[in-house]
>>> print(open('model06.txt').read())   # compact mmCIF, C-alpha atoms
# COMPACT_ATOMS: atom_id res chain seq x y z
CA MET A 1 0.00 0.00 0.00
CA LYS A 2 1.70 3.15 -1.24
CA ILE A 3 0.30 6.58 -0.54
CA ALA A 4 1.76 9.66 -2.23
CA ILE A 5 1.03 13.13 -0.87
CA VAL A 6 1.78 15.56 -3.71
CA THR A 7 3.19 18.88 -2.54
CA TYR A 8 4.44 22.15 -4.04
CA ASP A 9 6.02 25.36 -2.83
CA ASP A 10 3.54 27.54 -0.95
CA PHE A 11 1.58 24.55 0.28
CA THR A 12 -0.94 25.12 3.06
CA ASP A 13 0.91 23.79 6.10
CA ILE A 14 -1.90 22.01 7.87
CA ASP A 15 -3.20 20.37 4.70
CA VAL A 16 0.03 18.45 4.19
CA PHE A 17 0.83 17.69 7.80
CA PHE A 18 -2.63 16.64 8.96
CA MET A 19 -2.89 14.06 6.16
CA TRP A 20 0.68 12.97 6.83
CA ASP A 21 -0.05 12.50 10.54
CA LEU A 22 -3.40 10.71 10.16
CA LEU A 23 -2.17 8.38 7.44
CA ASN A 24 0.86 7.42 9.51
CA ARG A 25 -1.25 6.39 12.50
CA PRO A 26 -2.20 2.88 11.36
CA ARG A 27 0.88 0.83 12.20
CA VAL A 28 0.33 -1.91 9.68
CA ALA A 29 2.80 -3.73 7.47
CA ASP A 30 3.39 -2.61 3.88
CA TRP A 31 1.84 0.79 4.51
CA SER A 32 3.97 3.56 3.07
CA VAL A 33 3.22 7.29 3.12
CA ARG A 34 5.53 9.55 1.14
CA ILE A 35 5.48 13.28 0.52
CA VAL A 36 6.50 13.92 -3.08
CA GLY A 37 7.31 17.06 -5.01
CA GLU A 38 9.27 18.50 -7.90
CA ALA A 39 12.30 19.40 -5.82
CA GLU A 40 14.22 17.99 -2.87
CA TRP A 41 12.53 20.54 -0.62
CA HIS A 42 9.34 22.51 -0.69
CA ARG A 43 8.52 25.52 1.45
CA SER A 44 5.11 25.91 3.04
CA ARG A 45 2.95 28.99 2.76
CA SER A 46 4.07 29.89 6.28
CA GLY A 47 7.73 29.50 5.37
CA LEU A 48 8.59 26.06 6.75
CA PRO A 49 10.89 24.06 4.45
CA ILE A 50 10.37 20.31 4.45
CA PRO A 51 12.30 17.58 2.67
CA MET A 52 10.46 15.48 0.07
CA HIS A 53 10.61 11.68 0.19
CA GLY A 54 10.59 11.45 -3.59
CA ARG A 55 9.52 12.98 -6.88
CA ILE A 56 6.01 13.44 -8.25
CA GLU A 57 6.42 10.58 -10.74
CA GLU A 58 6.02 8.21 -7.76
CA ALA A 59 2.38 9.22 -7.77
CA ASN A 60 1.89 7.37 -11.05
CA GLU A 61 2.73 4.05 -9.34
CA ALA A 62 1.05 4.73 -5.97
CA ASP A 63 -2.17 3.12 -4.78
CA VAL A 64 -3.40 6.44 -3.38
CA VAL A 65 -2.53 9.92 -4.64
CA LEU A 66 -3.47 13.00 -2.62
CA PHE A 67 -3.04 16.57 -3.85
CA THR A 68 -2.46 19.21 -1.22
CA SER A 69 -3.47 22.84 -1.35
CA GLY A 70 -2.33 26.42 -1.19
CA PRO A 71 -1.23 29.08 -3.66
CA GLY A 72 1.15 26.48 -5.13
CA ALA A 73 -1.77 24.26 -6.14
CA ARG A 74 -3.45 27.14 -7.94
CA ARG A 75 -0.27 27.79 -9.92
CA LYS A 76 0.35 24.12 -10.77
CA ALA A 77 -3.22 23.66 -12.01
CA VAL A 78 -2.43 25.91 -14.98
CA GLU A 79 1.08 24.61 -15.74
CA PRO A 80 0.90 22.07 -18.61
CA ALA A 81 4.50 20.86 -18.19
CA TYR A 82 3.70 19.96 -14.61
CA LEU A 83 0.37 18.31 -15.33
CA ASN A 84 1.88 16.24 -18.15
CA ARG A 85 4.13 14.41 -15.71
CA PHE A 86 1.13 12.61 -14.21
CA ARG A 87 -0.25 9.35 -15.57
CA LEU A 88 -2.99 8.64 -13.06
CA ASP A 89 -5.57 5.92 -13.52
CA THR A 90 -8.64 5.97 -11.29
CA ASP A 91 -9.44 2.36 -12.20
CA ARG A 92 -6.46 1.24 -10.16
CA GLN A 93 -5.77 4.28 -7.95
CA MET A 94 -7.68 6.26 -5.35
CA VAL A 95 -7.11 9.95 -6.07
CA GLY A 96 -8.08 12.77 -3.74
CA SER A 97 -7.55 16.40 -2.88
CA ILE A 98 -7.89 18.80 -0.01
CA CYS A 99 -9.01 22.41 -0.53
CA SER A 100 -7.50 23.98 -3.66
CA GLY A 101 -5.86 20.65 -4.64
CA ALA A 102 -9.17 20.00 -6.43
CA LEU A 103 -8.01 22.41 -9.14
CA ILE A 104 -5.26 19.98 -10.10
CA LEU A 105 -7.70 17.05 -10.19
CA ALA A 106 -9.85 19.14 -12.51
CA ALA A 107 -6.87 20.15 -14.66
CA LEU A 108 -5.96 16.46 -14.98
CA GLY A 109 -9.49 15.76 -16.24
CA LEU A 110 -10.40 13.65 -13.22
CA LEU A 111 -13.49 15.64 -12.24
CA LYS A 112 -15.25 15.61 -15.60
CA GLY A 113 -19.00 15.27 -15.02
CA LYS A 114 -18.38 14.83 -11.31
CA ARG A 115 -19.37 16.72 -8.20
CA ALA A 116 -16.51 18.10 -6.12
CA THR A 117 -15.75 20.47 -3.26
CA THR A 118 -12.98 22.99 -2.68
CA TYR A 119 -11.90 25.87 -0.46
CA PRO A 120 -14.04 29.04 -0.76
CA THR A 121 -11.19 30.91 -2.47
CA SER A 122 -11.08 28.29 -5.28
CA VAL A 123 -14.77 27.77 -6.00
CA LYS A 124 -14.87 30.16 -8.97
CA GLN A 125 -11.76 28.69 -10.62
CA LEU A 126 -13.01 25.11 -10.09
CA ARG A 127 -16.38 25.98 -11.68
CA GLU A 128 -14.49 27.38 -14.67
CA PHE A 129 -13.15 23.84 -15.21
CA GLY A 130 -16.80 22.78 -15.67
CA VAL A 131 -16.96 21.00 -12.33
CA ASP A 132 -20.22 20.77 -10.36
CA VAL A 133 -18.93 22.39 -7.15
CA VAL A 134 -21.00 21.51 -4.08
CA GLU A 135 -20.80 23.00 -0.58
CA LYS A 136 -19.82 19.83 1.27
CA PRO A 137 -16.82 18.93 3.44
CA PHE A 138 -16.21 15.74 1.45
CA VAL A 139 -17.37 14.35 -1.88
CA ALA A 140 -16.43 10.87 -3.12
CA GLU A 141 -17.26 9.79 -6.65
CA GLY A 142 -15.97 6.29 -7.13
CA ASN A 143 -12.20 6.39 -6.70
CA VAL A 144 -12.00 10.18 -6.83
CA ALA A 145 -12.65 12.29 -3.75
CA THR A 146 -12.38 15.94 -2.80
CA ALA A 147 -12.37 17.41 0.70
CA ALA A 148 -12.50 21.09 1.64
CA GLY A 149 -11.72 23.09 4.73
CA CYS A 150 -8.46 21.99 6.31
CA LEU A 151 -10.00 19.82 9.02
CA ALA A 152 -11.97 17.89 6.37
CA SER A 153 -8.72 16.00 5.81
CA GLN A 154 -10.22 13.66 8.40
CA TYR A 155 -12.89 12.57 5.92
CA LEU A 156 -10.43 12.17 3.08
CA CYS A 157 -7.97 10.13 5.13
CA GLY A 158 -10.85 8.22 6.70
CA TRP A 159 -12.06 7.25 3.23
CA ILE A 160 -8.65 5.77 2.44
CA ILE A 161 -8.14 4.05 5.78
CA GLU A 162 -11.63 2.52 5.72
CA ARG A 163 -11.19 1.19 2.19
CA HIS A 164 -7.86 -0.48 3.02
CA LEU A 165 -8.07 -1.31 6.72
CA GLY A 166 -11.77 -1.27 7.60
CA ALA A 167 -14.13 1.04 9.47
CA SER A 168 -12.95 0.18 12.97
CA ILE A 169 -9.36 1.30 12.33
CA ARG A 170 -10.67 4.39 10.54
CA ASP A 171 -12.81 5.26 13.57
CA LEU A 172 -9.92 4.72 15.95
CA VAL A 173 -7.53 6.92 13.95
CA ILE A 174 -10.09 9.73 13.75
CA LYS A 175 -10.94 9.39 17.42
CA SER A 176 -7.27 9.64 18.38
CA VAL A 177 -7.02 13.27 17.22
CA GLN A 178 -10.33 14.62 18.61
CA PRO A 179 -10.34 17.04 21.53
CA VAL A 180 -10.65 15.39 24.94
CA GLY A 181 -14.30 15.46 25.94
CA GLU A 182 -15.35 16.16 22.35
CA GLY A 183 -14.96 12.82 20.58
CA MET A 184 -12.25 11.26 22.73
CA SER A 185 -12.34 10.55 26.45
CA PHE A 186 -9.82 9.39 29.04
CA ALA A 187 -11.72 6.06 29.03
CA ASP A 188 -10.58 5.55 25.43
CA LEU A 189 -7.06 4.85 26.71
CA PRO A 190 -7.10 1.10 25.88
CA ALA A 191 -8.28 1.78 22.32
CA ILE A 192 -5.66 4.49 21.84
CA GLN A 193 -2.99 2.17 23.20
CA ALA A 194 -4.15 -0.51 20.76
CA LEU A 195 -3.67 1.94 17.89
CA TYR A 196 -0.08 2.47 18.95
CA ALA A 197 0.51 -1.24 19.63
CA PRO A 198 2.49 -3.53 17.36
CA ILE A 199 1.03 -4.34 13.97
CA GLU A 200 -0.29 -7.76 15.00
CA ALA A 201 -2.72 -6.24 17.50
CA LEU A 202 -4.60 -4.34 14.80
CA SER A 203 -7.45 -6.28 13.28
CA ALA A 204 -6.83 -5.29 9.69
CA LYS A 205 -9.61 -6.00 7.24
CA MET B 1 4.81 39.59 19.87
CA LYS B 2 7.07 36.55 19.95
CA ILE B 3 5.63 33.04 20.05
CA ALA B 4 7.92 30.06 20.67
CA ILE B 5 6.73 26.53 19.86
CA VAL B 6 8.99 24.19 21.82
CA THR B 7 9.71 20.91 20.05
CA TYR B 8 11.72 17.72 20.60
CA ASP B 9 12.53 14.57 18.68
CA ASP B 10 9.52 12.24 18.41
CA PHE B 11 7.08 15.13 18.46
CA THR B 12 3.50 14.40 17.45
CA ASP B 13 3.38 15.78 13.92
CA ILE B 14 -0.01 17.42 13.94
CA ASP B 15 0.50 19.03 17.34
CA VAL B 16 3.42 21.10 16.07
CA PHE B 17 2.12 21.85 12.61
CA PHE B 18 -1.46 22.72 13.49
CA MET B 19 -0.31 25.33 16.03
CA TRP B 20 2.29 26.56 13.55
CA ASP B 21 -0.33 26.96 10.82
CA LEU B 22 -3.02 28.60 12.96
CA LEU B 23 -0.62 31.02 14.63
CA ASN B 24 0.76 32.09 11.27
CA ARG B 25 -2.67 32.99 9.89
CA PRO B 26 -3.01 36.46 11.41
CA ARG B 27 -0.95 38.64 9.09
CA VAL B 28 -0.19 41.39 11.53
CA ALA B 29 2.98 43.36 12.12
CA ASP B 30 5.46 42.31 14.81
CA TRP B 31 3.96 38.83 15.06
CA SER B 32 6.66 36.18 15.07
CA VAL B 33 6.16 32.42 15.39
CA ARG B 34 9.28 30.29 15.79
CA ILE B 35 9.75 26.58 16.30
CA VAL B 36 12.57 26.04 18.77
CA GLY B 37 14.41 22.94 19.94
CA GLU B 38 17.68 21.64 21.33
CA ALA B 39 19.16 20.84 17.93
CA GLU B 40 19.16 22.30 14.42
CA TRP B 41 16.63 19.66 13.41
CA HIS B 42 14.06 17.53 15.14
CA ARG B 43 12.37 14.48 13.74
CA SER B 44 8.64 13.90 14.21
CA ARG B 45 7.11 10.74 15.57
CA SER B 46 6.20 9.83 11.98
CA GLY B 47 9.77 10.41 10.80
CA LEU B 48 9.60 13.86 9.23
CA PRO B 49 12.68 16.00 9.95
CA ILE B 50 12.08 19.73 10.28
CA PRO B 51 14.54 22.57 10.79
CA MET B 52 14.28 24.61 13.97
CA HIS B 53 14.19 28.40 13.85
CA GLY B 54 16.19 28.68 17.06
CA ARG B 55 17.11 27.15 20.40
CA ILE B 56 14.91 26.55 23.43
CA GLU B 57 16.43 29.46 25.36
CA GLU B 58 14.40 31.76 23.07
CA ALA B 59 11.38 30.60 25.03
CA ASN B 60 12.65 32.47 28.07
CA GLU B 61 12.29 35.79 26.21
CA ALA B 62 9.11 35.00 24.27
CA ASP B 63 5.68 36.45 25.00
CA VAL B 64 4.04 33.06 24.45
CA VAL B 65 5.60 29.63 24.99
CA LEU B 66 3.86 26.49 23.74
CA PHE B 67 5.04 22.97 24.51
CA THR B 68 4.25 20.30 21.94
CA SER B 69 3.63 16.63 22.56
CA GLY B 70 4.67 13.11 21.77
CA PRO B 71 7.05 10.53 23.24
CA GLY B 72 9.72 13.25 23.24
CA ALA B 73 7.69 15.35 25.68
CA ARG B 74 7.38 12.42 28.07
CA ARG B 75 11.15 11.95 28.04
CA LYS B 76 11.96 15.66 28.46
CA ALA B 77 9.59 15.96 31.42
CA VAL B 78 11.95 13.80 33.48
CA GLU B 79 15.24 15.28 32.25
CA PRO B 80 16.52 17.84 34.81
CA ALA B 81 19.29 19.21 32.56
CA TYR B 82 16.64 20.02 29.94
CA LEU B 83 14.15 21.53 32.36
CA ASN B 84 16.84 23.70 33.97
CA ARG B 85 17.35 25.59 30.71
CA PHE B 86 13.94 27.23 31.07
CA ARG B 87 13.36 30.45 33.02
CA LEU B 88 9.67 31.00 32.37
CA ASP B 89 7.61 33.61 34.17
CA THR B 90 3.84 33.40 33.93
CA ASP B 91 3.48 36.95 35.18
CA ARG B 92 4.86 38.21 31.87
CA GLN B 93 4.40 35.17 29.59
CA MET B 94 1.47 33.06 28.40
CA VAL B 95 2.51 29.41 28.65
CA GLY B 96 0.58 26.52 27.17
CA SER B 97 0.72 22.90 26.12
CA ILE B 98 -0.99 20.45 23.84
CA CYS B 99 -1.50 16.80 24.86
CA SER B 100 1.53 15.35 26.67
CA GLY B 101 3.27 18.73 26.64
CA ALA B 102 1.41 19.29 29.94
CA LEU B 103 3.96 16.97 31.58
CA ILE B 104 6.68 19.54 30.94
CA LEU B 105 4.54 22.35 32.36
CA ALA B 106 4.05 20.20 35.46
CA ALA B 107 7.76 19.36 35.65
CA LEU B 108 8.54 23.08 35.48
CA GLY B 109 6.23 23.64 38.45
CA LEU B 110 3.73 25.67 36.42
CA LEU B 111 0.70 23.51 37.21
CA LYS B 112 1.01 23.50 41.02
CA GLY B 113 -2.46 23.67 42.54
CA LYS B 114 -3.96 24.10 39.07
CA ARG B 115 -6.39 22.11 36.95
CA ALA B 116 -5.03 20.85 33.63
CA THR B 117 -5.80 18.48 30.78
CA THR B 118 -3.67 16.08 28.77
CA TYR B 119 -3.82 13.20 26.28
CA PRO B 120 -5.32 9.94 27.66
CA THR B 121 -1.91 8.23 27.56
CA SER B 122 -0.41 10.90 29.88
CA VAL B 123 -3.17 11.24 32.48
CA LYS B 124 -1.56 8.91 35.02
CA GLN B 125 1.87 10.55 34.75
CA LEU B 126 0.38 14.05 35.01
CA ARG B 127 -1.57 13.05 38.15
CA GLU B 128 1.69 11.78 39.66
CA PHE B 129 2.95 15.37 39.44
CA GLY B 130 0.08 16.27 41.79
CA VAL B 131 -1.95 18.01 39.07
CA ASP B 132 -5.76 18.07 39.17
CA VAL B 133 -6.32 16.46 35.76
CA VAL B 134 -9.75 17.21 34.28
CA GLU B 135 -11.40 15.69 31.21
CA LYS B 136 -11.69 18.87 29.15
CA PRO B 137 -10.37 19.88 25.72
CA PHE B 138 -8.92 23.12 27.12
CA VAL B 139 -8.20 24.50 30.57
CA ALA B 140 -6.89 28.03 31.16
CA GLU B 141 -5.74 29.12 34.59
CA GLY B 142 -4.54 32.69 34.36
CA ASN B 143 -1.60 32.75 31.98
CA VAL B 144 -1.18 28.96 31.92
CA ALA B 145 -3.30 26.79 29.64
CA THR B 146 -3.40 23.14 28.64
CA ALA B 147 -5.21 21.62 25.67
CA ALA B 148 -5.67 17.94 24.91
CA GLY B 149 -6.58 15.92 21.85
CA CYS B 150 -4.72 17.16 18.78
CA LEU B 151 -7.58 19.22 17.35
CA ALA B 152 -7.89 21.08 20.66
CA SER B 153 -4.94 23.14 19.42
CA GLN B 154 -7.72 25.36 18.09
CA TYR B 155 -8.68 26.37 21.61
CA LEU B 156 -5.09 26.93 22.70
CA CYS B 157 -4.21 29.04 19.66
CA GLY B 158 -7.58 30.79 19.90
CA TRP B 159 -6.76 31.76 23.51
CA ILE B 160 -3.54 33.40 22.35
CA ILE B 161 -4.98 35.09 19.29
CA GLU B 162 -7.96 36.46 21.20
CA ARG B 163 -5.75 37.86 23.98
CA HIS B 164 -3.47 39.66 21.54
CA LEU B 165 -5.67 40.43 18.53
CA GLY B 166 -9.24 40.20 19.77
CA ALA B 167 -12.15 37.79 19.43
CA SER B 168 -13.08 38.64 15.83
CA ILE B 169 -9.65 37.70 14.45
CA ARG B 170 -9.64 34.58 16.61
CA ASP B 171 -13.03 33.57 15.20
CA LEU B 172 -11.89 34.21 11.65
CA VAL B 173 -8.70 32.15 12.02
CA ILE B 174 -10.61 29.23 13.53
CA LYS B 175 -13.33 29.48 10.87
CA SER B 176 -10.74 29.39 8.11
CA VAL B 177 -9.75 25.78 8.90
CA GLN B 178 -13.22 24.29 9.48
CA PRO B 179 -14.68 21.81 7.00
CA VAL B 180 -16.84 23.40 4.31
CA GLY B 181 -20.46 23.13 5.42
CA GLU B 182 -19.37 22.45 9.00
CA GLY B 183 -18.24 25.82 10.34
CA MET B 184 -17.19 27.48 7.08
CA SER B 185 -19.28 28.13 3.99
CA PHE B 186 -18.61 29.39 0.47
CA ALA B 187 -20.36 32.61 1.56
CA ASP B 188 -17.48 33.21 3.98
CA LEU B 189 -15.23 34.07 1.03
CA PRO B 190 -15.00 37.82 1.80
CA ALA B 191 -14.05 37.13 5.43
CA ILE B 192 -11.47 34.54 4.39
CA GLN B 193 -10.04 36.97 1.84
CA ALA B 194 -9.83 39.62 4.56
CA LEU B 195 -7.79 37.22 6.70
CA TYR B 196 -5.30 36.84 3.87
CA ALA B 197 -5.33 40.55 3.04
CA PRO B 198 -2.57 42.97 3.96
CA ILE B 199 -2.04 43.78 7.60
CA GLU B 200 -3.87 47.12 7.45
CA ALA B 201 -7.17 45.45 6.60
CA LEU B 202 -7.23 43.51 9.84
CA SER B 203 -8.97 45.35 12.65
CA ALA B 204 -6.52 44.40 15.36
CA LYS B 205 -7.55 45.01 18.93
>>> encode(input="model06.txt", output="C-alpha cells")
Amino acid sequence: MKIAIVTYDDFTDIDVFFMWDLLNRPRVADWSVRIVGEAEWHRSRSGLPIPMHGRIEEANEADVVLFTSGPGARRKAVEPAYLNRFRLDTDRQMVGSICSGALILAALGLLKGKRATTYPTSVKQLREFGVDVVEKPFVAEGNVATAAGCLASQYLCGWIIERHLGASIRDLVIKSVQPVGEGMSFADLPAIQALYAPIEALSAK
Amino acid sequence: MKIAIVTYDDFTDIDVFFMWDLLNRPRVADWSVRIVGEAEWHRSRSGLPIPMHGRIEEANEADVVLFTSGPGARRKAVEPAYLNRFRLDTDRQMVGSICSGALILAALGLLKGKRATTYPTSVKQLREFGVDVVEKPFVAEGNVATAAGCLASQYLCGWIIERHLGASIRDLVIKSVQPVGEGMSFADLPAIQALYAPIEALSAK
C-alpha cells in the first residue's frame, strides 16, 4: 500500500501535515506514506521548508494519490508541463484532494461530469473547469474524492483508511485526534494504546 | 509579539504543525512564530525531519511559549538538565501545552495547585505530578493553559490570538480551517479573503 502526498512550494501547512499525521497512524505492514514534489525541498505557505521523500512521478505508481493545497496548487493547475508528468488511472488508484488541490484534479481531467468540493477561495476557478462544485466537506465519486476546509482532511484520510483497513481502524484513527471530551475521552485509553501497539494487534480488514 | 513553539525529537506531527499553521494565519505586524528545539533539526514521531528556527532558550524571552507533545515530551519531562534551561515567568508570559506537553509544564512547576488536561496516555503521569487532571479539551488558569486531543490546538491558539488580537480575528482564524459546510461556507469568502489581506485590513484590537 503506497500513498503519495503531492506537494508544491507555498503549500498550506496544515493540509500536508494533517494528512501525513493521520495516514501514519495505522501501524500496519506494507503501509507507506511519502510526501513527493518536484524538488528535494518545498517551502510551506508559512515558510517552513520540508524535505520530500521522492519525486512526483512516484504518484503514477502509488495506490493512493493526494493533492495538497495552497497558492502552489493554484499555480500548478495551470502549468501544462507539470500536469503532463502525471499518468494517473482511477481504475487502479484512489485519487483525492484537499481544498485547492481539487483544481489539479480538474486540470488532470479527473473531475469531468463529477461533483466536487474545494476551499471558498477556489470555488470560482473550479467551476471554470466545468466541475459541479458543491458545498460539502467531502465528496467521493468512485475512486476520486475531494475534501474542503483543512479539518476535512479527516474525511479524506478516513475514506482511504476505511477502504484499506476497515471502518474500525478508521474510527480509531479519527478518534485519536479529537479534543478530549469532544470525541475522545480518558476512558478511550485502551483503544488508543491498541492503535499504537504492534502491527499484530490491529485487526486489519 | 514573539511566540515560541517548543519541540523535541519524536514530536507528534499534527501538534506542532497545526499550532504553527493557525498562529501564522493572522498577518499582523510584529507577530513572530518560531519553532525552537535543542538541535538544528528535530524528527517527528512519523519520521519527518524539520529545521528549527532557534534554540529553546528563546522561550525564556518570548511572550508566548507552547510545549508540543509526543514521546519526546514524556522523556523531556523527566530530564533535569533540559528543564533547567527554562526560566519562564507566567506573570509576563502566556505558557501553554498540547496533549503530553502538559507533563513539561508540570515538571517546570507551572501547574502546582492548578487544573489541567492532557492526552489519555499521559493522564496517570500528570496526576503523579500532583496536578488536578480534568477531562476537558482546554483548561486556562490565568496565563497557563493546557489543551488535549490534537484538534484542541484550536482552543489553545484561539486563547492566544484572542488575547493579543481580539475575538473577531480569533473567530476568523478558527473558521478558516473548518470543514466546508461544517463551520465554514462558500459565503465566507470575503471574510477569508480579509484574513489573507494585507495587515492594514485587519482590525486588530
>>> interface_residues(input="model06.txt", of="chain B", to="chain A", cutoff="7 Å", atoms="only C-alpha atoms", output="list of chain:residue names")
B:Asp13, B:Ile14, B:Phe17, B:Phe18, B:Asp21, B:Asn24, B:Ser46, B:Ile50, B:Pro120, B:Thr121, B:Glu135, B:Lys136, B:Pro137, B:Ala148, B:Gly149, B:Cys150, B:Leu151, B:Ala152, B:Val177, B:Gln178, B:Pro179, B:Val180, B:Gly181, B:Phe186, B:Leu189
>>> atom_distance(input="model06.txt", atom1="atom CA of Lys2 of chain B", atom2="atom CA of Pro71 of chain B")
26.2 Å
>>> residues_around(input="model06.txt", residues="Gly142 of chain B", least_positions_apart="3", cutoff="10 Å", atoms="only C-alpha atoms", output="MDAnalysis selection string")
chainID B and resid 90:91 94:95 114 139 145
>>> atom_distance(input="model06.txt", atom1="atom CA of Glu61 of chain A", atom2="atom CA of Asn143 of chain A")
15.3 Å
>>> residues_around(input="model06.txt", residues="Arg92 of chain B", least_positions_apart="3", cutoff="9 Å", atoms="only C-alpha atoms", output="PDB file with C-alpha atoms, in the frame of the given file")
ATOM      1  CA  ASP B  63       5.680  36.450  25.000  1.00  0.00           C
ATOM      2  CA  LEU B  88       9.670  31.000  32.370  1.00  0.00           C
ATOM      3  CA  ASP B  89       7.610  33.610  34.170  1.00  0.00           C
ATOM      4  CA  ASN B 143      -1.600  32.750  31.980  1.00  0.00           C
TER       5      ASN B 143
END
>>> atom_distance(input="model06.txt", atom1="atom CA of Leu110 of chain A", atom2="atom CA of Leu165 of chain A")
25.0 Å
>>> closest_residue(input="model06.txt", among="B:Ser168, B:Ser100, B:Gln93, B:Gln125", to="Ala73 of chain B", atoms="all atoms listed in the file")
B:Ser100
>>> axis_aligned_box(input="model06.txt", around="segment 105-111 of chain B", padding_each_side="4 Å", output="lines of an AutoDock Vina configuration file")
center_x = 4.6
center_y = 22.5
center_z = 35.4
size_x = 15.8
size_y = 14.3
size_z = 14.1
>>> residues_around(input="model06.txt", residues="Ala77 of chain B", least_positions_apart="6", cutoff="7 Å", atoms="only C-alpha atoms", output="ChimeraX atom specification")
/B:103-104,107
>>> decode(input="model06.txt", residues="segment 19-33 of chain B", atoms="N, CA and C atoms", output="PDB file, in the first residue's frame")
ATOM      1  N   MET B  19      -0.553  24.058  15.334  1.00  0.00           N
ATOM      2  CA  MET B  19      -0.306  25.331  16.029  1.00  0.00           C
ATOM      3  C   MET B  19       0.459  26.276  15.107  1.00  0.00           C
ATOM      4  N   TRP B  20       1.476  25.753  14.469  1.00  0.00           N
ATOM      5  CA  TRP B  20       2.287  26.558  13.553  1.00  0.00           C
ATOM      6  C   TRP B  20       1.421  27.214  12.487  1.00  0.00           C
ATOM      7  N   ASP B  21       0.521  26.441  11.890  1.00  0.00           N
ATOM      8  CA  ASP B  21      -0.332  26.958  10.822  1.00  0.00           C
ATOM      9  C   ASP B  21      -1.304  28.004  11.352  1.00  0.00           C
ATOM     10  N   LEU B  22      -2.017  27.665  12.424  1.00  0.00           N
ATOM     11  CA  LEU B  22      -3.019  28.599  12.964  1.00  0.00           C
ATOM     12  C   LEU B  22      -2.385  29.917  13.397  1.00  0.00           C
ATOM     13  N   LEU B  23      -1.246  29.812  14.084  1.00  0.00           N
ATOM     14  CA  LEU B  23      -0.625  31.024  14.630  1.00  0.00           C
ATOM     15  C   LEU B  23       0.000  31.881  13.549  1.00  0.00           C
ATOM     16  N   ASN B  24       0.240  31.297  12.380  1.00  0.00           N
ATOM     17  CA  ASN B  24       0.762  32.086  11.268  1.00  0.00           C
ATOM     18  C   ASN B  24      -0.337  32.750  10.448  1.00  0.00           C
ATOM     19  N   ARG B  25      -1.588  32.426  10.721  1.00  0.00           N
ATOM     20  CA  ARG B  25      -2.665  32.988   9.891  1.00  0.00           C
ATOM     21  C   ARG B  25      -2.903  34.480  10.086  1.00  0.00           C
ATOM     22  N   PRO B  26      -2.811  35.005  11.311  1.00  0.00           N
ATOM     23  CA  PRO B  26      -3.012  36.461  11.410  1.00  0.00           C
ATOM     24  C   PRO B  26      -1.815  37.186  10.794  1.00  0.00           C
ATOM     25  N   ARG B  27      -2.061  37.934   9.748  1.00  0.00           N
ATOM     26  CA  ARG B  27      -0.954  38.644   9.087  1.00  0.00           C
ATOM     27  C   ARG B  27      -0.824  40.040   9.665  1.00  0.00           C
ATOM     28  N   VAL B  28      -0.332  40.099  10.863  1.00  0.00           N
ATOM     29  CA  VAL B  28      -0.191  41.391  11.528  1.00  0.00           C
ATOM     30  C   VAL B  28       1.290  41.674  11.754  1.00  0.00           C
ATOM     31  N   ALA B  29       1.585  42.942  11.935  1.00  0.00           N
ATOM     32  CA  ALA B  29       2.977  43.356  12.115  1.00  0.00           C
ATOM     33  C   ALA B  29       3.509  42.871  13.466  1.00  0.00           C
ATOM     34  N   ASP B  30       4.815  42.686  13.541  1.00  0.00           N
ATOM     35  CA  ASP B  30       5.458  42.311  14.813  1.00  0.00           C
ATOM     36  C   ASP B  30       4.850  41.050  15.414  1.00  0.00           C
ATOM     37  N   TRP B  31       4.578  40.097  14.591  1.00  0.00           N
ATOM     38  CA  TRP B  31       3.965  38.834  15.059  1.00  0.00           C
ATOM     39  C   TRP B  31       4.890  37.723  14.570  1.00  0.00           C
ATOM     40  N   SER B  32       5.656  37.163  15.472  1.00  0.00           N
ATOM     41  CA  SER B  32       6.663  36.184  15.075  1.00  0.00           C
ATOM     42  C   SER B  32       6.378  34.830  15.708  1.00  0.00           C
ATOM     43  N   VAL B  33       6.356  33.789  14.898  1.00  0.00           N
ATOM     44  CA  VAL B  33       6.163  32.422  15.394  1.00  0.00           C
ATOM     45  C   VAL B  33       7.415  31.632  15.049  1.00  0.00           C
TER      46      VAL B  33
END
